[in-house]
Amino acid sequence: MDYELTEEQKLIQETAYKFAVNEIEPIAKDCDREERYPREVWKKACETGLVGAFIPEEYGGPGFGFVELALITEQLSRIDLGIGTVIITATFGSENIFMFGTEEQKKKYLPLLANGEAVSAGAYTEPDAGTDVAATRTKAIRDGNEYVINGNKMFITNGTICDWMVVLCVTNPEAEKRHNRHSLILVESDRKGIEANKIRGKMGIRASDTAEIAFEDVRVPLENLIGEEGNGFRQLMHFFDTTRTMVAAQGVGLAQGALDKTIKYVQERKVFGQPLAVNQGVQFMLAEMATKIELARNITYKAAWKVDQGQVDPSLNAMAKYFSGEMAVWVCDKALQLHGGYGYIDEYDVQRFYRDAKILEIYEGAKEVEKITISRRLF
Ligand SMILES: Cc1cc2nc3c(=O)[nH]c(=O)nc-3n(C[C@H](O)[C@H](O)[C@H](O)COP(=O)(O)OP(=O)(O)OC[C@H]3O[C@@H](n4cnc5c(N)ncnc54)[C@H](O)[C@@H]3O)c2cc1C
């Protein structure tokens with residue numbers, strides 16, 4: 001057992017943190033206020049090698065593992081979860097190409113992501129199929145050499161700005177078991193019949209693009225199928241079992257950022273003629289925050305490490321995501337509390353962290369779903 005990061009991992013961590021401080025921090029507040037997707041920062045992140053860390057060298061990526069991806073995710077989220085999400089999800093959905101795609105698909109799509117020429121999306125959720133993703137109704141019917149897609153997707157990250165999306169569709173409605181009815185199909189965003197509308201007014205991660213998407217008689221070639229027809233649901237579960245570690249890393253980074261700001265604030269803010277930090281009650285609160293962050297960090301790194309060892313552990317990943325998300329919400333609540341009234345206003349970043357944190361308990365599987373995965377393993 002070795003808890004030390006390698007020199008290369010430390011360098012990746014440092015590079016990501018410096019990038020976040022220099023490129024993200026100066027615009028984070030404005031992007032949140034204006035709900036603006038910072039395309040220029042995504043582009044710079046690609047040039048710095050922070051996008052598509054999982055993409056192997058032969059497809060133009062740096063060929064890192066999920067541990068390195070977790071380190072990058074953590075450091076970006078420490079400064080701003082919204083723009084961190086922009087960078088980390090620039091390849092979202094395309095992990096399916098990496099895991100289940102053909103050699104031709106990998107060669108065609110992955111280099112574009114790594115080089116900063118394309119952004120992708122994963123379109124699974126529907127207005128009536130979120131937690132129960134197998135209730136998906138979007139259909140892809142074969143017609144000659146093509147699939148014809150009809151349906152609606154909801155809450156799709158990068159929906160209005162992506163170049164392609166990997167869409168969960170029903171291709172085999174006649175299959176007896178509902179888990180054998182789905183397939184993942186790559187759909188280029190410029191195909192006729194697609195309408196994507198940005199969802200405004202999100203509580204948090206407002207720099208990240210979120211959209212509703214309608215597909216009306218969208219035609220794609222059969223070769224756009226990712227993996228096996230009828231196996232899309234199982235492929236998607238495997239996808240979530242790996243990418244959830246990144247949501248856990250987002251929680252660790254966000255909470256660490258909230259703690260960093262709070263440590264600084266309680267030393268500056270004077271109450272009863274002395275810094276807030278001299279109160280043992282305040283110190284204990286900070287100690288509890290630091291402890292919970294460290295616990296989440298350890299389980300997240302372990303989960304990511306197991307992915308890299310080819311020992312994906314759905315239960316451990318679910319624990320990491322559930323614990324880290326809940327921890328981040330809790331830590332941000334305490335951070336805001338220690339900022340008092342100042343924490344409640346827009347001028348101070350801590351209110352943005354507080355709003356951003358909540359999504360970590362909802363997307364990529366609500367925390368209750370993680371508990372279902374964990375408890376299933378217990379029996
Ligand atoms: C900002 C944002 C970005 C997103 N990005 C994407 C994306 O890129 N791609 C994509 O496909 N989706 C995306 N989503 C969708 C997200 O994954 C879903 O919102 C999430 O899975 C929950 O689905 P739902 O909203 O339909 O909630 P529902 O399924 O209606 O569930 C509502 C709540 O009920 C509880 N619940 C549900 N089932 C159970 C149960 N069995 N036991 C106990 N409690 C339960 C949970 O607390 C849950 O939050 C995004 C959502 C948001 C808000």
# chains A, B, ... in the order shown; residues from 1 in each chain; ligands from 1

call {"tool": "residues_near_ligand", "arguments": {"ligand": "ligand 1", "cutoff": "8 Å", "atoms": "only C-alpha atoms and all ligand atoms", "output": "ChimeraX atom specification"}}
result
/A:92-93,121-133,153-159,202,204-205,208,210,359,361-369,372

call {"tool": "residues_around", "arguments": {"residues": "Tyr348 (chain A)", "least_positions_apart": "4", "cutoff": "12 Å", "atoms": "only C-alpha atoms", "output": "PyMOL selection string"}}
result
chain A and resi 28-29+258+261-262+265+335-336+339-344+352-354

call {"tool": "write_last_selection", "arguments": {"atoms": "N, CA and C atoms", "output": "PDB file, in the first residue's frame"}}
result
ATOM      1  N   ALA A  28     -14.664  33.588 -12.680  1.00  0.00           N
ATOM      2  CA  ALA A  28     -15.663  32.671 -12.105  1.00  0.00           C
ATOM      3  C   ALA A  28     -16.945  33.395 -11.698  1.00  0.00           C
ATOM      4  N   LYS A  29     -16.778  34.535 -11.030  1.00  0.00           N
ATOM      5  CA  LYS A  29     -17.949  35.271 -10.536  1.00  0.00           C
ATOM      6  C   LYS A  29     -18.834  35.729 -11.704  1.00  0.00           C
ATOM      7  N   ALA A 258     -13.865  25.710  -0.220  1.00  0.00           N
ATOM      8  CA  ALA A 258     -14.684  26.410   0.789  1.00  0.00           C
ATOM      9  C   ALA A 258     -13.922  26.503   2.105  1.00  0.00           C
ATOM     10  N   LYS A 261     -11.095  29.171   1.892  1.00  0.00           N
ATOM     11  CA  LYS A 261     -11.619  30.542   2.030  1.00  0.00           C
ATOM     12  C   LYS A 261     -11.999  30.837   3.482  1.00  0.00           C
ATOM     13  N   THR A 262     -12.530  29.822   4.155  1.00  0.00           N
ATOM     14  CA  THR A 262     -13.001  30.030   5.527  1.00  0.00           C
ATOM     15  C   THR A 262     -11.822  30.206   6.489  1.00  0.00           C
ATOM     16  N   TYR A 265     -10.747  33.677   6.113  1.00  0.00           N
ATOM     17  CA  TYR A 265     -11.735  34.644   6.600  1.00  0.00           C
ATOM     18  C   TYR A 265     -11.744  34.727   8.130  1.00  0.00           C
ATOM     19  N   ALA A 335     -19.082  26.580   6.026  1.00  0.00           N
ATOM     20  CA  ALA A 335     -18.238  27.682   5.529  1.00  0.00           C
ATOM     21  C   ALA A 335     -19.063  28.965   5.452  1.00  0.00           C
ATOM     22  N   LEU A 336     -20.268  28.841   4.936  1.00  0.00           N
ATOM     23  CA  LEU A 336     -21.120  30.026   4.812  1.00  0.00           C
ATOM     24  C   LEU A 336     -21.493  30.551   6.206  1.00  0.00           C
ATOM     25  N   HIS A 339     -18.916  32.671   7.633  1.00  0.00           N
ATOM     26  CA  HIS A 339     -18.792  33.973   6.957  1.00  0.00           C
ATOM     27  C   HIS A 339     -19.906  34.927   7.395  1.00  0.00           C
ATOM     28  N   GLY A 340     -20.859  34.431   8.177  1.00  0.00           N
ATOM     29  CA  GLY A 340     -21.957  35.279   8.650  1.00  0.00           C
ATOM     30  C   GLY A 340     -22.711  35.927   7.496  1.00  0.00           C
ATOM     31  N   GLY A 341     -23.167  37.168   7.704  1.00  0.00           N
ATOM     32  CA  GLY A 341     -23.949  37.881   6.690  1.00  0.00           C
ATOM     33  C   GLY A 341     -23.183  38.083   5.397  1.00  0.00           C
ATOM     34  N   TYR A 342     -21.853  38.222   5.509  1.00  0.00           N
ATOM     35  CA  TYR A 342     -21.048  38.430   4.294  1.00  0.00           C
ATOM     36  C   TYR A 342     -21.087  37.201   3.387  1.00  0.00           C
ATOM     37  N   GLY A 343     -21.211  36.051   4.009  1.00  0.00           N
ATOM     38  CA  GLY A 343     -21.281  34.821   3.236  1.00  0.00           C
ATOM     39  C   GLY A 343     -22.541  34.729   2.401  1.00  0.00           C
ATOM     40  N   TYR A 344     -23.520  35.521   2.797  1.00  0.00           N
ATOM     41  CA  TYR A 344     -24.836  35.423   2.156  1.00  0.00           C
ATOM     42  C   TYR A 344     -24.942  36.302   0.922  1.00  0.00           C
ATOM     43  N   ARG A 352     -21.502  31.071  -3.683  1.00  0.00           N
ATOM     44  CA  ARG A 352     -21.496  30.326  -4.955  1.00  0.00           C
ATOM     45  C   ARG A 352     -21.133  28.845  -4.698  1.00  0.00           C
ATOM     46  N   PHE A 353     -20.168  28.644  -3.810  1.00  0.00           N
ATOM     47  CA  PHE A 353     -19.785  27.268  -3.464  1.00  0.00           C
ATOM     48  C   PHE A 353     -20.983  26.532  -2.847  1.00  0.00           C
ATOM     49  N   TYR A 354     -21.701  27.245  -1.995  1.00  0.00           N
ATOM     50  CA  TYR A 354     -22.870  26.670  -1.316  1.00  0.00           C
ATOM     51  C   TYR A 354     -23.926  26.254  -2.343  1.00  0.00           C
TER      52      TYR A 354
END

call {"tool": "residues_around", "arguments": {"residues": "Lys321 (chain A)", "least_positions_apart": "4", "cutoff": "7 Å", "atoms": "only C-alpha atoms", "output": "list in words"}}
result
Arg244, Thr245, Val247, Ala248, Asn317 and Gly325 of chain A

call {"tool": "write_last_selection", "arguments": {"atoms": "C-alpha atoms", "output": "PDB file, in the first residue's frame"}}
result
ATOM      1  CA  ARG A 244     -18.937   8.794 -10.664  1.00  0.00           C
ATOM      2  CA  THR A 245     -15.460   8.915  -9.156  1.00  0.00           C
ATOM      3  CA  VAL A 247     -18.216  13.646  -9.184  1.00  0.00           C
ATOM      4  CA  ALA A 248     -16.687  12.484  -5.907  1.00  0.00           C
ATOM      5  CA  ASN A 317     -17.560   4.354  -6.370  1.00  0.00           C
ATOM      6  CA  GLY A 325     -21.461  14.968  -2.303  1.00  0.00           C
TER       7      GLY A 325
END

call {"tool": "closest_residue", "arguments": {"among": "A:Asp241, A:Glu57, A:Glu40, A:Glu188", "to": "Gly116 (chain A)", "atoms": "only C-alpha atoms"}}
result
A:Glu40

call {"tool": "residues_around", "arguments": {"residues": "Leu338 (chain A)", "least_positions_apart": "4", "cutoff": "12 Å", "atoms": "only C-alpha atoms", "output": "ChimeraX atom specification"}}
result
/A:258-259,261-271,275-277,279,281-286,289,331-334,342-344,350-351

call {"tool": "write_last_selection", "arguments": {"atoms": "C-alpha atoms", "output": "mmCIF file, in the first residue's frame"}}
result
data_model
loop_
_atom_site.group_PDB
_atom_site.id
_atom_site.type_symbol
_atom_site.label_atom_id
_atom_site.label_comp_id
_atom_site.auth_asym_id
_atom_site.auth_seq_id
_atom_site.Cartn_x
_atom_site.Cartn_y
_atom_site.Cartn_z
ATOM 1 C CA ALA A 258 -14.684 26.410 0.789
ATOM 2 C CA LEU A 259 -12.410 25.446 3.682
ATOM 3 C CA LYS A 261 -11.619 30.542 2.030
ATOM 4 C CA THR A 262 -13.001 30.030 5.527
ATOM 5 C CA ILE A 263 -9.578 29.570 7.151
ATOM 6 C CA LYS A 264 -8.520 32.885 5.645
ATOM 7 C CA TYR A 265 -11.735 34.644 6.600
ATOM 8 C CA VAL A 266 -11.836 33.607 10.265
ATOM 9 C CA GLN A 267 -8.309 34.943 10.760
ATOM 10 C CA GLU A 268 -9.216 38.328 9.273
ATOM 11 C CA ARG A 269 -12.696 38.850 10.690
ATOM 12 C CA LYS A 270 -12.761 40.373 14.182
ATOM 13 C CA VAL A 271 -15.663 39.665 16.531
ATOM 14 C CA PRO A 275 -10.228 37.205 15.233
ATOM 15 C CA LEU A 276 -13.026 34.678 14.904
ATOM 16 C CA ALA A 277 -10.350 31.994 14.648
ATOM 17 C CA ASN A 279 -12.719 30.664 19.356
ATOM 18 C CA GLY A 281 -15.879 26.409 18.682
ATOM 19 C CA VAL A 282 -14.729 27.833 15.347
ATOM 20 C CA GLN A 283 -11.520 25.779 15.371
ATOM 21 C CA PHE A 284 -13.510 22.601 16.065
ATOM 22 C CA MET A 285 -15.806 23.351 13.165
ATOM 23 C CA LEU A 286 -12.794 23.770 10.862
ATOM 24 C CA MET A 289 -14.573 20.121 7.949
ATOM 25 C CA VAL A 331 -18.848 21.715 4.490
ATOM 26 C CA CYS A 332 -20.192 24.569 2.338
ATOM 27 C CA ASP A 333 -23.013 25.103 4.830
ATOM 28 C CA LYS A 334 -20.479 25.445 7.672
ATOM 29 C CA TYR A 342 -21.048 38.430 4.294
ATOM 30 C CA GLY A 343 -21.281 34.821 3.236
ATOM 31 C CA TYR A 344 -24.836 35.423 2.156
ATOM 32 C CA VAL A 350 -18.676 31.150 -0.491
ATOM 33 C CA GLN A 351 -22.345 31.582 -1.454
#

call {"tool": "closest_residue", "arguments": {"among": "A:Leu81, A:Met1, A:Leu236, A:Leu110", "to": "Cys169 (chain A)", "atoms": "only C-alpha atoms"}}
result
A:Leu236

call {"tool": "residues_around", "arguments": {"residues": "Thr373 (chain A)", "least_positions_apart": "6", "cutoff": "8 Å", "atoms": "only C-alpha atoms", "output": "list in words"}}
result
Pro314, Ser315 and Ala318 of chain A

call {"tool": "write_last_selection", "arguments": {"atoms": "N, CA and C atoms", "output": "mmCIF file, in the first residue's frame"}}
result
data_model
loop_
_atom_site.group_PDB
_atom_site.id
_atom_site.type_symbol
_atom_site.label_atom_id
_atom_site.label_comp_id
_atom_site.auth_asym_id
_atom_site.auth_seq_id
_atom_site.Cartn_x
_atom_site.Cartn_y
_atom_site.Cartn_z
ATOM 1 N N PRO A 314 -18.274 -0.875 -8.287
ATOM 2 C CA PRO A 314 -19.460 -0.013 -8.286
ATOM 3 C C PRO A 314 -19.856 0.454 -6.890
ATOM 4 N N SER A 315 -19.743 -0.447 -5.913
ATOM 5 C CA SER A 315 -20.158 -0.105 -4.561
ATOM 6 C C SER A 315 -19.220 0.962 -3.961
ATOM 7 N N ALA A 318 -19.858 4.250 -5.627
ATOM 8 C CA ALA A 318 -21.118 4.820 -5.122
ATOM 9 C C ALA A 318 -20.894 5.431 -3.741
#

call {"tool": "atom_distance", "arguments": {"atom1": "CA of Ile24 (chain A)", "atom2": "CA of Ser324 (chain A)"}}
result
22.7 Å

call {"tool": "residues_around", "arguments": {"residues": "region 214-229 of chain A", "least_positions_apart": "5", "cutoff": "7 Å", "atoms": "only C-alpha atoms", "output": "MDAnalysis selection string"}}
result
chainID A and resid 97 100:101 145:153 183:187 191:196

call {"tool": "atom_distance", "arguments": {"atom1": "CA of Phe98 (chain A)", "atom2": "CA of Tyr3 (chain A)"}}
result
28.1 Å

call {"tool": "atom_distance", "arguments": {"atom1": "CA of Arg181 (chain A)", "atom2": "CA of Gln311 (chain A)"}}
result
26.9 Å

call {"tool": "residues_around", "arguments": {"residues": "Leu113 (chain A)", "least_positions_apart": "6", "cutoff": "7 Å", "atoms": "only C-alpha atoms", "output": "list in words"}}
result
Gly52, Thr91 and Val119 of chain A

call {"tool": "select_by_dssp", "arguments": {"residues": "region 128-201 of chain A", "states": "helix (DSSP H, G or I)", "output": "ChimeraX atom specification"}}
result
/A:133-135,178-180

call {"tool": "write_last_selection", "arguments": {"atoms": "N, CA and C atoms", "output": "short mmCIF file (atom, residue, chain, number, x, y, z; two decimals), in the first residue's frame"}}
result
data_model
loop_
_atom_site.label_atom_id
_atom_site.label_comp_id
_atom_site.auth_asym_id
_atom_site.auth_seq_id
_atom_site.Cartn_x
_atom_site.Cartn_y
_atom_site.Cartn_z
N VAL A 133 -33.51 5.30 -15.32
CA VAL A 133 -33.04 5.58 -16.69
C VAL A 133 -33.51 4.52 -17.69
N ALA A 134 -33.85 3.33 -17.19
CA ALA A 134 -34.35 2.28 -18.09
C ALA A 134 -35.73 2.62 -18.63
N ALA A 135 -36.38 3.63 -18.04
CA ALA A 135 -37.71 4.06 -18.54
C ALA A 135 -37.58 4.96 -19.77
N ARG A 178 -36.40 -5.31 -19.77
CA ARG A 178 -36.27 -3.92 -20.22
C ARG A 178 -34.82 -3.47 -20.27
N HIS A 179 -33.93 -4.18 -19.57
CA HIS A 179 -32.51 -3.81 -19.61
C HIS A 179 -31.82 -4.27 -20.90
N ASN A 180 -32.57 -4.99 -21.75
CA ASN A 180 -31.99 -5.43 -23.04
C ASN A 180 -32.54 -4.61 -24.20
#

call {"tool": "select_by_dssp", "arguments": {"residues": "region 152-229 of chain A", "states": "strand (DSSP E)", "output": "MDAnalysis selection string"}}
result
chainID A and resid 152:157 164:170 182:188 194:198 210:221 225:226

call {"tool": "closest_residue", "arguments": {"among": "A:Ala175, A:Met165, A:Leu5, A:Ala45", "to": "Ile83 (chain A)", "atoms": "only C-alpha atoms"}}
result
A:Ala45

call {"tool": "closest_residue", "arguments": {"among": "A:Arg39, A:Lys177, A:His238, A:Arg78", "to": "Glu95 (chain A)", "atoms": "only C-alpha atoms"}}
result
A:His238

call {"tool": "closest_residue", "arguments": {"among": "A:Thr242, A:Gln274, A:Thr300, A:Gln256", "to": "Phe323 (chain A)", "atoms": "only C-alpha atoms"}}
result
A:Thr300

call {"tool": "closest_residue", "arguments": {"among": "A:Gln337, A:Gln235, A:Gln13, A:Thr85", "to": "Leu254 (chain A)", "atoms": "only C-alpha atoms"}}
result
A:Thr85

call {"tool": "decode", "arguments": {"residues": "region 146-171 of chain A", "atoms": "N, CA and C atoms", "output": "short mmCIF file (atom, residue, chain, number, x, y, z; two decimals), in the first residue's frame"}}
result
data_model
loop_
_atom_site.label_atom_id
_atom_site.label_comp_id
_atom_site.auth_asym_id
_atom_site.auth_seq_id
_atom_site.Cartn_x
_atom_site.Cartn_y
_atom_site.Cartn_z
N GLU A 146 -29.66 3.15 -41.66
CA GLU A 146 -29.71 4.24 -40.68
C GLU A 146 -30.61 3.91 -39.49
N TYR A 147 -30.38 4.68 -38.40
CA TYR A 147 -31.35 4.73 -37.30
C TYR A 147 -32.12 6.03 -37.46
N VAL A 148 -33.41 5.98 -37.14
CA VAL A 148 -34.21 7.21 -37.14
C VAL A 148 -34.61 7.45 -35.68
N ILE A 149 -34.15 8.60 -35.16
CA ILE A 149 -34.30 8.86 -33.72
C ILE A 149 -35.40 9.89 -33.45
N ASN A 150 -36.28 9.53 -32.50
CA ASN A 150 -37.34 10.45 -32.07
C ASN A 150 -37.43 10.41 -30.55
N GLY A 151 -37.50 11.58 -29.92
CA GLY A 151 -37.65 11.62 -28.47
C GLY A 151 -37.11 12.91 -27.88
N ASN A 152 -37.09 12.96 -26.55
CA ASN A 152 -36.66 14.18 -25.85
C ASN A 152 -35.69 13.84 -24.72
N LYS A 153 -34.66 14.66 -24.60
CA LYS A 153 -33.70 14.49 -23.50
C LYS A 153 -33.72 15.76 -22.64
N MET A 154 -33.38 15.58 -21.38
CA MET A 154 -33.51 16.67 -20.41
C MET A 154 -32.22 16.85 -19.62
N PHE A 155 -31.89 18.08 -19.27
CA PHE A 155 -30.73 18.39 -18.40
C PHE A 155 -29.40 17.93 -19.01
N ILE A 156 -29.21 18.12 -20.29
CA ILE A 156 -28.00 17.58 -20.92
C ILE A 156 -26.86 18.60 -20.87
N THR A 157 -25.82 18.23 -20.11
CA THR A 157 -24.62 19.08 -20.00
C THR A 157 -23.98 19.21 -21.39
N ASN A 158 -23.66 20.44 -21.77
CA ASN A 158 -23.07 20.76 -23.10
C ASN A 158 -24.08 20.62 -24.24
N GLY A 159 -25.36 20.51 -23.91
CA GLY A 159 -26.38 20.23 -24.93
C GLY A 159 -26.41 21.22 -26.09
N THR A 160 -26.19 22.53 -25.80
CA THR A 160 -26.28 23.50 -26.91
C THR A 160 -24.92 23.78 -27.55
N ILE A 161 -23.85 23.28 -26.95
CA ILE A 161 -22.53 23.65 -27.50
C ILE A 161 -21.72 22.45 -27.99
N CYS A 162 -22.27 21.25 -27.81
CA CYS A 162 -21.45 20.07 -28.15
C CYS A 162 -21.43 19.81 -29.66
N ASP A 163 -20.41 19.05 -30.07
CA ASP A 163 -20.30 18.65 -31.48
C ASP A 163 -20.98 17.31 -31.72
N TRP A 164 -21.02 16.49 -30.70
CA TRP A 164 -21.79 15.25 -30.77
C TRP A 164 -22.23 14.86 -29.38
N MET A 165 -23.23 13.98 -29.35
CA MET A 165 -23.66 13.45 -28.06
C MET A 165 -23.86 11.94 -28.18
N VAL A 166 -23.63 11.27 -27.08
CA VAL A 166 -23.88 9.83 -27.04
C VAL A 166 -25.25 9.69 -26.37
N VAL A 167 -26.21 9.17 -27.16
CA VAL A 167 -27.61 9.21 -26.74
C VAL A 167 -28.10 7.80 -26.39
N LEU A 168 -28.77 7.71 -25.24
CA LEU A 168 -29.38 6.43 -24.86
C LEU A 168 -30.74 6.33 -25.54
N CYS A 169 -30.91 5.29 -26.35
CA CYS A 169 -32.14 5.12 -27.12
C CYS A 169 -32.68 3.71 -26.93
N VAL A 170 -33.99 3.57 -27.16
CA VAL A 170 -34.59 2.23 -27.22
C VAL A 170 -34.47 1.74 -28.65
N THR A 171 -33.75 0.65 -28.83
CA THR A 171 -33.60 0.08 -30.19
C THR A 171 -34.29 -1.28 -30.29
#
